[in-house]
Number of protein chains: 2
Amino acid sequence: MIRVILLGGGNLASHLALEFFKNSNIELLQIYNRTLAHIKDKEIYAPITDTTETLLDADLYIIASSDTAIEKLSKELAAKKGLVVHTSGATPRSILSNSHNGVLYPLQSFTKGSQINFKNIPFCIEANNKEDFILLEKFAKLVSSKVYAMDSEQRKNLHIAAVFVNNFVNYMYSIGEDICIENGIPFEVLYPLIQETAEKIQEISPKDAQTGPAIRKDKKTLVLHQNKLNQNQKYIYQLLSEAISNRN
Amino acid sequence: MIRVILLGGGNLASHLALEFFKNSNIELLQIYNRTLAHIKDKEIYAPITDTTETLLDADLYIIASSDTAIEKLSKELAAKKGLVVHTSGATPRSILSNSHNGVLYPLQSFTKGSQINFKNIPFCIEANNKEDFILLEKFAKLVSSKVYAMDSEQRKNLHIAAVFVNNFVNYMYSIGEDICIENGIPFEVLYPLIQETAEKIQEISPKDAQTGPAIRKDKKTLVLHQNKLNQNQKYIYQLLSEAISNRN
């Protein structure tokens with residue numbers, strides 16, 4: 001049984017609170033948030049508090065707050081003997097001043113409300129010494145079957161890669177939807193293609209999976225397409241087509 | 001029973017040949033290709049030929065060749081009484097000179113070798129008159145459960161939308177993979193996020209699903225990320241981040 005205190009009141013903290021509560025190998029001792037009202041509904045999982053002074057002794061303190069609050073919370077936990085970790089992809093481990101510190105970064109985009117199956121979510125972990133790493137690894141494996149050791153530099157780069165495959169991909173979907181709406185086409189026509197594109201790269205590298213007019217250097221189609229687009233869409237179409245054409 | 005002749009020797013024609021052969025409501029009369037060697041392995045499905053003069057009378061002639069060969073094949077089928085359709089997303093119906101003509105456009109990216117379940121692939125159809133449309137719709141529904149009426153203008157725009165959600169998305173995956181490889185991170189760490197991103201937009205509009213530093217206008221992270229990227233990646237990161245920031 002690993003004894004845990006969770007700090008934070010956002011989406012990630014919300015999902016983690018439920019997961020820890022349900023997990024019989026994890027004892028969720030307390031949930032902290034600066035604004036108590038934001039975690040009022042978490043009282044069913046564990047006692048809640050808005051002052052770090054009232055936090056008990058635990059094996060693990062998980063700071064799942066906004067990135068900007070991590071440093072301050074770390075300092076407020078200075079006297080604690082347990083392992084203090086943050087959950088941020090973009091923040092280095094070195095921001096934590098605790099003698100036992102680490103990072104527990106779940107790589108997923110957490111939307112409020114939707115159910116999350118943590119078993120399939122990759123957890124990237126790092127700690128300041130071997131012993132703490134072993135504890136953190138043991139803990140992460142209670143929650144997920146996909147646990148990866150990753151240092152702060154790797155995590156930062158993984159976070160950038162995630163911006164491309166998640167945020168930017170979603171924006172491509174969004175342009176696709178705009179074009180459909182403008183032309184009276186149901187966006188759902190594109191769902192199977194979107195699914196297939198996402199699944200294919202688990203079998204072959206996206207480099208080998210690249211299709212379309214840009215990789216074929218099909219200039220006629222490239223020009224035809226651009227004439228149909230608005231200014232913003234056209235810039236993006238041109239830049240990405242050039243990048244794909246120049247690749248091979 | 002609809003009697004069909006298939007023209008073409010590429011990926012799409014290959015997948016269609018197998019599908020028609022297996023489908024007990026479709027009689028595949030012949031398969032044509034200019035280069036006979038490319039369809040030699042299709043002889044198990046139907047008689048093959050490399051001269052349009054030898055083509056029999058059929059209900060439906062499906063030109064699944066390269067876009068550039070459509071017009072010529074249409075002319076060679078001028079004397080036929082059956083419905084002549086092409087399968088191209090980017091080509092207008094008007095390129096067909098046959099008195100009965102239409103379009104049967106399966107919206108998917110067909111890779112050689114991989115199995116295709118046509119039931120889930122959207123077929124966009126169009127014909128030059130009501131009677132031909134009804135035949136084409138009946139035929140398409142034998143193959144797929146997702147049949148959409150779509151005119152040439154809509155189909156052209158759908159094809160452009162597909163470039164964004166398929167080709168450009170795949171390129172984003174490809175940059176994600178590059179960043180992973182450069183930093184000794186297994187690309188598979190990103191698979192669940194890629195899957196979730198693709199699935200989420202079937203429940204909420206991509207506009208509402210947008211997350212990341214650009215939509216948050218988190219300038220600190222945006223600058224931090226750009227400093228890690230190569231020139232090509234940086235251009236793309238900047239342009240897409242600006243477009244996302246300006247959206248809302």
# chains A, B, ... in the order shown; residues from 1 in each chain; ligands from 1
call {"tool": "interface_residues", "arguments": {"of": "chain A", "to": "chain B", "cutoff": "6 Å", "atoms": "only C-alpha atoms", "output": "list in words"}}
result
Gln108, Ala161, Phe164, Val165, Asn166, Asn167, Val169, Asn170, Met172, Tyr173, Ser174, Gly176, Leu193, Thr197, Pro206, Lys207, Thr211 and Gly212 of chain A
call {"tool": "select_by_dssp", "arguments": {"residues": "segment 16-191 of chain B", "states": "strand (DSSP E or B)", "output": "ChimeraX atom specification"}}
result
/B:26-32,48-49,60-63,83-86,101-106,123-127,147-149
